[in-house]
Amino acid sequence: MTFAKNDCIMIAENNVADLAVIKVLGNRAEQQDSFGYLLPDSECVVVVADGMGGLNSGDIASKSAVNTVLREFKSASPILNPLDFLYETTSTANEEICNLRKDDGSSLGAGTTMVAVLVKDNSINWNSVGDSRAYLWRNGELVQLTKDQNYKTVLDKQIVSGIISAQEYQQEISRGEALVSYLGMDAECLIDRNLSPLKLRSGDKVILMSDGLYRLVSDNEILEILNSKSAVKEIVFEFENKAQQNSLNKKRRDNMTVAVLKIK
């Protein structure tokens, strides 16, 4: 496979998991995705952030989000309460991005989505803001752990509860991908998170991704790849192969970042 100069793949492991991360520029002018990870002996923290191209300096926002999580992880170790740590760190990331400034002192106005997972004591904890996702694969089944924070999610809740009609839903769904929460909002961002740690099993695969993957590759295709490949490096390569194939009739391919953790 041929990679552009701004594409990359990273491989790492510790006593807990194997990790592979792939980051692809697509045919965008700049890379606004960022990722980071730390794998001390018995823990894993992995972060994927997707800078918002519609705002200024999405790349700066995504890097800030990732750096904040990794910095706080280093300074907080040992982490006694992973759930509180992720929530407080995500809030800190939002505050720091809101405070980013231009050279003239005015607000940078940058924004990014983010998904972060922390594996500790054989359990997974996660936080997400926006529409970057985390999935869990186990024994041939794939479950999305995070909820997309976009207008479609709002509309889905409203039609189920009877607040809007089917006709109103159809009138609004064209704007469904618009985010209702992201890091860098002036208001307090919405944070999706688990309320209790989820126990992991040997062989489980945790997948983090920006929307550059799932907007090209369906959940069924993602599941098929996870079922057919075992090594994390092979999995991320297959994700990119499938994304390339599915993008052939697209005029524009977005940045894509995917991280796969396989629990030992």
# chains A, B, ... in the order shown; residues from 1 in each chain; ligands from 1
$ residues_around --residues "Asp59 in chain A" --least-positions-apart "5" --cutoff "9 Å" --atoms "only C-alpha atoms" --output "number ranges by chain"
A: 30-34, 50-53, 64, 110-112
$ write_last_selection --atoms "C-alpha atoms" --output "PDB file, in the first residue's frame"
ATOM      1  CA  GLU A  30      -4.252  19.466   5.436  1.00  0.00           C
ATOM      2  CA  GLN A  31      -4.358  16.872   8.194  1.00  0.00           C
ATOM      3  CA  GLN A  32      -6.638  17.974  11.034  1.00  0.00           C
ATOM      4  CA  ASP A  33      -6.832  14.610  12.828  1.00  0.00           C
ATOM      5  CA  SER A  34      -4.562  13.956  15.792  1.00  0.00           C
ATOM      6  CA  ASP A  50     -10.801  15.244  14.600  1.00  0.00           C
ATOM      7  CA  GLY A  51     -10.309  18.981  14.126  1.00  0.00           C
ATOM      8  CA  MET A  52     -13.320  20.760  12.689  1.00  0.00           C
ATOM      9  CA  GLY A  53     -12.603  21.985   9.177  1.00  0.00           C
ATOM     10  CA  SER A  64      -4.442  20.448  22.041  1.00  0.00           C
ATOM     11  CA  ALA A 110     -11.085  26.398  17.059  1.00  0.00           C
ATOM     12  CA  GLY A 111     -12.992  23.179  17.651  1.00  0.00           C
ATOM     13  CA  THR A 112     -12.481  19.423  17.586  1.00  0.00           C
TER      14      THR A 112
END
$ select_by_dssp --residues "range 30-243 of chain A" --states "helix (DSSP H, G or I)" --output "PyMOL selection string"
chain A and resi 58-76+82-98+151-161+166-175+211-214+219-228+232-243
$ atom_distance --atom1 "CA of Ile11 in chain A" --atom2 "CA of Tyr37 in chain A"
10.7 Å
$ closest_residue --among "A:Asp41, A:Ala231, A:Leu200, A:Leu261" --to "Ile124 in chain A" --atoms "only C-alpha atoms"
A:Leu200
$ closest_residue --among "A:Leu190, A:Met209, A:Val119, A:Ala134" --to "Gln149 in chain A" --atoms "only C-alpha atoms"
A:Leu190
$ residues_around --residues "Ala116 in chain A" --least-positions-apart "6" --cutoff "12 Å" --atoms "only C-alpha atoms" --output "ChimeraX atom specification"
/A:34-38,44-50,65-70,73,82-83,85-87,89-90,93,124-130,132-135,145-146,191-194,206-210,259
$ atom_distance --atom1 "CA of Cys98 in chain A" --atom2 "CA of Ser57 in chain A"
12.2 Å
